[in-house]
Each structure stands twice: as structure tokens, then as C-alpha cells.
Amino acid sequence: MAVKIKRSTALFISIILLFAVVFSQTGVSAASYPTTHPNTYKNTGNGALDIVGVARTQIGYKQVGGTKYGHWYNKLFVNQPWCAMFVSWCADQAGVPQTILPKHASCSAWVKWFKDQGLWQDSQYYGGKYTPKAGDVVFYRNSGSSAVSDHTGVVVGTNGSYLHVIEGNSTNVSVCEFKTNSSRMLKSSYVIGYGTPKYDGNVSTPPEDEPTDHEQWQLTDTDVLMLRSSYSTSSEKLTTISIGQLLKVTDFKQNGGYLWGYTKHNGKTGWCALDYCTYIQGNIDGEYYQLPPSVSPTSLTLYATNTKKLSVTNGLGGKYSSSDKAVATVNKNGKITAVSKGSATITCKTNTGSAKCKLTVNNPEIDQEKPTVCIGDKIQLTVNAMSIIDTWESSDKTIAKVDANGNVRGISEGKATITASRGEVKASAVVTVTKEPTTYQNFTVKSQNTYLYDNYMGNKKVLIPVGTPLKVKSVKYSDTYTWGETTYKSTPGWVIISKCTYENGSIGGKVYLKRPFLKKTESTIYLKATYPITVKAKTGASTFKSQNPKIASVDKDGVVTALSAGTTTIDVVNNNTKLKFKVTVLNPVLSNTQLDLFKGKKFTLTVKGGDGEIKWGSTNKEVAKVNKKGVVTPIGYGTATIKAKRNGILTTCEVTVFDPILSKTTQKLKVGQKLFLTVSQNKSDSIVWKSSNKKIVKVGAKGKLTGVAKGKATVTAAVDGYTLSCVVKVVE
């Protein structure tokens, strides 16, 4: 059964998707404008939330001729720039009195009103520390000055370091929602500040049309969906629904793991699975419907002391709980901490229902299987999934001792249990200590002199000449070499066996050979690129196999080819030794994802990764255009998105075009004091600094001011055809 949420709760649902609409036009006062996107939101009396709720219903409205917001403001304004009138209209529809939020068509006039009322907060870029809230009005600077605003929008909230906003007269002269737009970061110079209306609950509810008797959904997650005679995957197929189609849903059922919606399509009436659709807007009998939550993963295995964060989709206000805190705990953010061996269920409860994750916790284990060490020798033990170990202990220190790092030294022949502990969690292994070997392998130093080291991977002690025979009594493996323990001229130590020739013999009846290893064990490459895997100290041919050939393939010579974004592992086998090579494939990326350019200042974008033709384009050629070589040319003030498509992958760069700004227009200095002036967002290396009177103030090539004598002088910065100035007053 679908979960019902009253309109007061529905204010918080933020899954509205921008979609294409066929606009109807009605002539009004010799001008036409679309009358689409009726306000279906029901006010609650909370002005801050209601203005956001109204704004949501307008997402996707597009200017064709004029706008309904301009006509509402004044019939003569039907064709005028409408971002401020859109916010004013939303406030009016939300029942916010003009004493709290007066209607305006001018952004700059509105900024002045907020400042006069003491309701203004500077953005973080301009020195403020305020974090905007739902219902605030955000203002953006015009192309040349942070003191003048020419664009505005309704704040929904924040999304990490980004503003979450709804704006009119935005991209493609539409009402748009922005969540992660690079020009709308909290610290962006484009954002100058916020008006903070005093929503005090003194809000009336204007008369509204009757709510719609359906919800709108859009097919987004599959190319084709079946309309069925009943809410079951086994019921009769009536017709197909194509991706992008809008559906009017008038009833809900839940069955077979799906949320089903009753709708009409292609003249047929039936049920479709809404799990493949995205909720747009609307209500049924004054109530909104919403999917129950889901968690990922739904089942999980952890080692004790490990952590894992659950991912939750759908629903708001999630509260987490564990069925057995002795097995695992979970915090308010969904982070699970495994405590001890056992099973538990982690539950996330939201405003639309609950979802569960089944958890199995295992105790950690010693990585080494049946570890063995010779008397007087050492081996290091490690524990899987236990990065922090409080103590190491030996059950019999007369047989084997262990230090704080898990290094076990053989003392006498026998067996001892080595235990690693972290709190109440323990991992143990039985270590067998054997007598020192009595037989040796014979090696001869071959092509060049080599060194005797004090320990394997240790410090050099003695140089051993070519042709010297050596007796090796034990072997160690590092990531790079195979090492042999030996004695040269009564000096004990270790040599690199790969620099010696094997003659004959054995150690404890076993013949030790070089162990192959990979020169590199992982690599990150871009789509369509190749990378050769190199096996060192190999014996004979190696075999290569990709665990996911759709992400990266590998040929018989170990050359990896990147095929799609993701991560996979290449399994390498040489001389019965199994090795793994991790490959991360990245999609093509643009050299820049955000650009601030002066008008007339060109910039060349490049695409890293992929192969073949790059298709370039601009969403607003009146602001910035791009040629087939990726050269961006600013045309007019504003923002535009530059698009680059390669191998079917689309990458974008947000471009803002504006005048340069000097960090100070007036400055006071003391004689001898130094200070730097800067040109904000400047990418040019050729700034020409000048002082009108060097006897009063000097300026260096990098904008460094030095007060020389009492008086006034003007310092100018010439950059890309602009001349910026700062009046400097020098005092004693």
C-alpha cells in the first residue's frame, strides 16, 4: 500500500524533476504568455516552507512571449525580465504579506530594501558567515559589480558546499532548480548575499483552485514499461509506455515488491510499476503519495570493529536502530559499527515507512594460514579487517615471543598460540617453531657485485664480489625481491637472491625459487586508454584475466584496455603465484568544470581521456561560444554551459562572463606599510600596475603597495583592456 503523507509533510519532498511541457499561449494586453504549471500547493501557514512549496510547482515553466509572473505584477511588465517577479509571485501565492516580503521587479531595489530593514546577510565570498535557510531570497551580482544585483531566486537550503535554489528567468528562460551548480557555491563570487524575511507565522492562505485529482509521474529508469491489467507482473500486458512519457496516476497499490500506479495510456487503463518512474507533482484528494524508503545494501557481512555507512533513498527524517547492540550499533547518520560475532537487523525508519538491512558479523582472523618460524627467526602476523590492535600475546613465551607489531620470534621448538586483541574482540593462530635448518641452497653472485645487508630490506654492510659462492639458510619475500639469509667472511646478513645464480641444495628439504611480483599493483586510466601490466621475477609465461571485461579487457600480453567507467581487478598468474592488479577507469573529463572570464578573454578547454571526435556546444551563445577546438570566447555578461561530448560521454563547464574587480577601491596606509591589491577572478599574467605619484605610494609588478610619504595617490591596474583604480591615502 502506498504511504500517504499530508501536504504539510509533502513540503519536504524534494524529488521534483524538470520536464518538458507543451505550453499553451493566451493573448493578454496585446501580449501572450504560457499559463501552464498551476500552483497545486496547499499552504500550511509556515511562510518559509510555503514559498518553497509554491516555487516547486513552477519548475519547468518556460517563457514563450511573456510570462504569467510579469502579467500578475503589472500587465505592462508581461515581457520584462522576471526573476524578481517570480519570487514575488511565489510569496503572494504562499500568502506572505508584503510587510514581510514586498513584491519587486528590481533586484537592486530589493537588496536595498533588505539592507534598510536590517534583513541582509553578506555571502561567504564577501565576508559573511551566514548559512542560508529555506525561504531566504538569494541575490547574484551583475557582470561588473558586487554592489549591483540583476538576478535572484528562492533558497531551498544547502547541499554541502552548494546552494539549493529555485530561480525564474534562468537557463533557457525557465524556472530551474539548482543543487550542485558551480556558480552557485556558497563561496562563489557570483553570490553576493541573502535577504532574510521575518516569517513569523502571520501568513494568510489565499484562495486556490481545487487540487488536482491525480499525480504526475514520468518514466525515467527504463526505455519501455508495460501497462498491465492488474497490479501484478503476471497480469495481462495492455500497452507499452516509452521513456519520458508523463502519467496521471489516480490510485496506488503495493504488490510483488513494486509500487503500482493506476493510470491511462494509449487509450488503455491499467497499472504500471512506479519504481521505474520519477514523481513530478500533484495530489489525490489533497494528499501526496511517496515511495517507502530503501536501504543499500540490504544484506551485509562485516568483521568485528569494522564500520559501514548505509545509503537510504526515499523518505525523510530517517531514524536508525539495531536489533542487537551487542552485535552492532548504528548512529544517527546510518554508520554501522560491528561489535561482536552474531546477526542483527539494522532498521531505518522515515516518514514514509521503514527499510531493513540484515547484518552478519564475524570475528577477525589471522591472515597467515598455519604460520611456521625457525628458532631465532621472525615472521610478522597480520589480522584481516583489524587495522588497530591493542595487544599481541603469546600463550608460551618460552616457545615464541611476539612484539607490539605482531612480529613473532621463534625461541624453542614447539607450538604457541598468538592472539591479537582489540577490546573484547580477539583473533588467534597457532605458530609452529621448528629447529634451525641444517641444509642450505648454494648460490653464486652473478653479473655484478652485490651487498650483504644487515636484514632483508635493511642497511648495507659488506660488498660481495661477482663469483662469490654463498650458502643460503632461509628465505624472505618482500614486495620487490626474494632475499636469502647467509654469511660472508664470518659476517651474517641478507642478499638479494635475484642477483645470484642458483647452484644446488635445499632448505628443510624444500627448494626455494624467486617469487614473481607486479611492478605496479594498480592504475587509474581514462576511457579508451591502454596500460601494460609488468610482471617482475617471472618464470615462464603469465596469464591474465579481467574480472569485469565490460570495464577493462586484457590481452595475452597483459595490456589493459579501458572500456567503461568503473573499477575491476585483473587476475595474474605466474609460476602458480596469484597476483592482482586493480584498474580504475574514468570517463573523459574537461580540463575545467568552472570558468570565470572577462569579456573578450578567450580560454581553451581540453578533454582528457577517450578518443575520436569531440562535439562542442554552448547553452547560451550570447554569453559564450566555443569552436571545434574547444576555444571559449566570451560574448556577453552572464552564465553559459559549455558542453563537450566524446565517446558518448557528456562533460560540462560552467562559464561566467563579467568585468574584473579590484580588491579595494580605497585604502589607507601608514608610511612604510605594505599591502597587496588583487584583481578578483583574474586569470591573466599581464597586469600593468601604476601609481599616479610614486613619491607618496609605490606599487610593484604583483600589486604590492608601499606607503612612501604622507598624501594621496591613485593606483591603477590595467588588465585585458580594463583599467581599475584604487585611491590610496598615506598617513604618518
# chains A, B, ... in the order shown; residues from 1 in each chain; ligands from 1
$ residues_around --residues "Gln547 of chain A" --least-positions-apart "4" --cutoff "8 Å" --atoms "only C-alpha atoms" --output "list in words"
Thr568, Thr569, Ile570 and Asp571 of chain A
$ closest_residue --among "A:Lys615, A:Lys335, A:Lys476, A:Arg646" --to "Val373 of chain A" --atoms "only C-alpha atoms"
A:Lys476
$ closest_residue --among "A:Lys264, A:Lys115, A:Lys695, A:Arg56" --to "Pro197 of chain A" --atoms "only C-alpha atoms"
A:Lys115
$ closest_residue --among "A:Thr240, A:Thr501, A:Gln441, A:Gln121" --to "Thr468 of chain A" --atoms "only C-alpha atoms"
A:Thr501
$ residues_around --residues "Gly256 of chain A" --least-positions-apart "2" --cutoff "9 Å" --atoms "only C-alpha atoms" --output "list in words"
Tyr231, Ser232, Thr233, Gln254, Tyr258 and Leu259 of chain A
$ select_by_dssp --residues "segment 202-436 of chain A" --states "strand (DSSP E or B)" --output "number ranges by chain"
A: 214-219, 224-228, 237-242, 246-249, 251-255, 258-265, 268-273, 277-284, 287-290, 294-296, 299-303, 307-309, 311-313, 319-322, 328-330, 335-338, 342-350, 353-362, 366, 372-375, 378-380, 383, 391-394, 400-402, 407-410, 414-422, 425-434
$ residues_around --residues "Leu219 of chain A" --least-positions-apart "6" --cutoff "6 Å" --atoms "only C-alpha atoms" --output "MDAnalysis selection string"
chainID A and resid 243:245 277
$ decode --residues "segment 617-630 of chain A" --atoms "all heavy atoms" --output "CSV table (one decimal), in the first residue's frame"
chain,number,residue,atom,x,y,z
A,617,GLY,N,29.6,22.5,-27.7
A,617,GLY,CA,28.4,23.3,-27.9
A,617,GLY,C,28.3,24.2,-26.6
A,617,GLY,O,28.9,24.0,-25.6
A,618,SER,N,27.5,25.2,-26.8
A,618,SER,CA,27.2,26.2,-25.7
A,618,SER,C,25.7,26.3,-25.5
A,618,SER,O,24.9,26.4,-26.5
A,618,SER,CB,27.8,27.6,-26.0
A,618,SER,OG,27.4,28.5,-25.1
A,619,THR,N,25.2,26.4,-24.2
A,619,THR,CA,23.8,26.5,-24.0
A,619,THR,C,23.3,28.0,-24.1
A,619,THR,O,22.2,28.2,-24.2
A,619,THR,CB,23.5,26.1,-22.5
A,619,THR,OG1,24.2,26.9,-21.6
A,619,THR,CG2,23.8,24.6,-22.3
A,620,ASN,N,24.3,28.9,-24.2
A,620,ASN,CA,23.9,30.3,-24.3
A,620,ASN,C,25.0,31.0,-25.1
A,620,ASN,O,26.0,31.5,-24.6
A,620,ASN,CB,23.7,31.0,-23.0
A,620,ASN,CG,23.0,32.3,-23.1
A,620,ASN,OD1,23.0,32.9,-24.1
A,620,ASN,ND2,22.5,32.8,-22.0
A,621,LYS,N,24.9,31.0,-26.5
A,621,LYS,CA,25.9,31.6,-27.3
A,621,LYS,C,26.0,33.1,-27.2
A,621,LYS,O,26.9,33.7,-27.7
A,621,LYS,CB,25.7,31.2,-28.8
A,621,LYS,CG,25.8,29.7,-29.0
A,621,LYS,CD,25.6,29.3,-30.4
A,621,LYS,CE,25.8,27.8,-30.7
A,621,LYS,NZ,25.5,27.4,-32.1
A,622,GLU,N,25.0,33.7,-26.6
A,622,GLU,CA,25.0,35.2,-26.4
A,622,GLU,C,25.9,35.5,-25.2
A,622,GLU,O,26.3,36.7,-25.1
A,622,GLU,CB,23.6,35.7,-26.1
A,622,GLU,CG,22.7,35.6,-27.3
A,622,GLU,CD,21.3,36.1,-27.1
A,622,GLU,OE1,21.1,36.6,-25.9
A,622,GLU,OE2,20.5,36.1,-28.0
A,623,VAL,N,26.3,34.5,-24.4
A,623,VAL,CA,27.2,34.7,-23.3
A,623,VAL,C,28.6,34.2,-23.7
A,623,VAL,O,29.6,34.9,-23.5
A,623,VAL,CB,26.7,34.0,-22.0
A,623,VAL,CG1,27.7,34.1,-20.9
A,623,VAL,CG2,25.4,34.7,-21.5
A,624,ALA,N,28.6,33.0,-24.2
A,624,ALA,CA,29.9,32.4,-24.5
A,624,ALA,C,29.7,31.4,-25.6
A,624,ALA,O,28.8,30.6,-25.6
A,624,ALA,CB,30.6,31.8,-23.3
A,625,LYS,N,30.6,31.4,-26.6
A,625,LYS,CA,30.6,30.4,-27.7
A,625,LYS,C,31.9,29.6,-27.7
A,625,LYS,O,32.9,30.0,-27.0
A,625,LYS,CB,30.4,31.0,-29.0
A,625,LYS,CG,31.5,32.0,-29.5
A,625,LYS,CD,31.2,32.6,-30.8
A,625,LYS,CE,32.3,33.5,-31.3
A,625,LYS,NZ,32.1,34.1,-32.7
A,626,VAL,N,31.9,28.4,-28.3
A,626,VAL,CA,33.0,27.6,-28.3
A,626,VAL,C,33.2,27.0,-29.7
A,626,VAL,O,32.2,26.7,-30.4
A,626,VAL,CB,32.9,26.4,-27.3
A,626,VAL,CG1,31.7,25.6,-27.6
A,626,VAL,CG2,34.2,25.6,-27.2
A,627,ASN,N,34.4,26.9,-30.2
A,627,ASN,CA,34.7,26.4,-31.5
A,627,ASN,C,35.0,24.9,-31.5
A,627,ASN,O,35.1,24.3,-30.4
A,627,ASN,CB,35.7,27.2,-32.3
A,627,ASN,CG,37.1,27.1,-31.7
A,627,ASN,OD1,37.4,26.2,-30.9
A,627,ASN,ND2,38.0,27.9,-32.1
A,628,LYS,N,35.3,24.3,-32.6
A,628,LYS,CA,35.5,22.8,-32.6
A,628,LYS,C,36.9,22.4,-32.0
A,628,LYS,O,37.1,21.3,-31.8
A,628,LYS,CB,35.5,22.3,-34.1
A,628,LYS,CG,36.5,22.9,-35.0
A,628,LYS,CD,36.4,22.4,-36.4
A,628,LYS,CE,37.4,23.0,-37.4
A,628,LYS,NZ,37.3,22.4,-38.7
A,629,LYS,N,37.7,23.4,-31.7
A,629,LYS,CA,39.0,23.1,-31.0
A,629,LYS,C,38.9,23.4,-29.5
A,629,LYS,O,39.9,23.3,-28.8
A,629,LYS,CB,40.1,24.0,-31.6
A,629,LYS,CG,40.4,23.6,-33.0
A,629,LYS,CD,41.6,24.4,-33.6
A,629,LYS,CE,42.0,24.0,-35.0
A,629,LYS,NZ,43.1,24.8,-35.5
A,630,GLY,N,37.7,23.7,-29.0
A,630,GLY,CA,37.5,23.9,-27.6
A,630,GLY,C,37.8,25.3,-27.1
A,630,GLY,O,38.0,25.6,-25.9
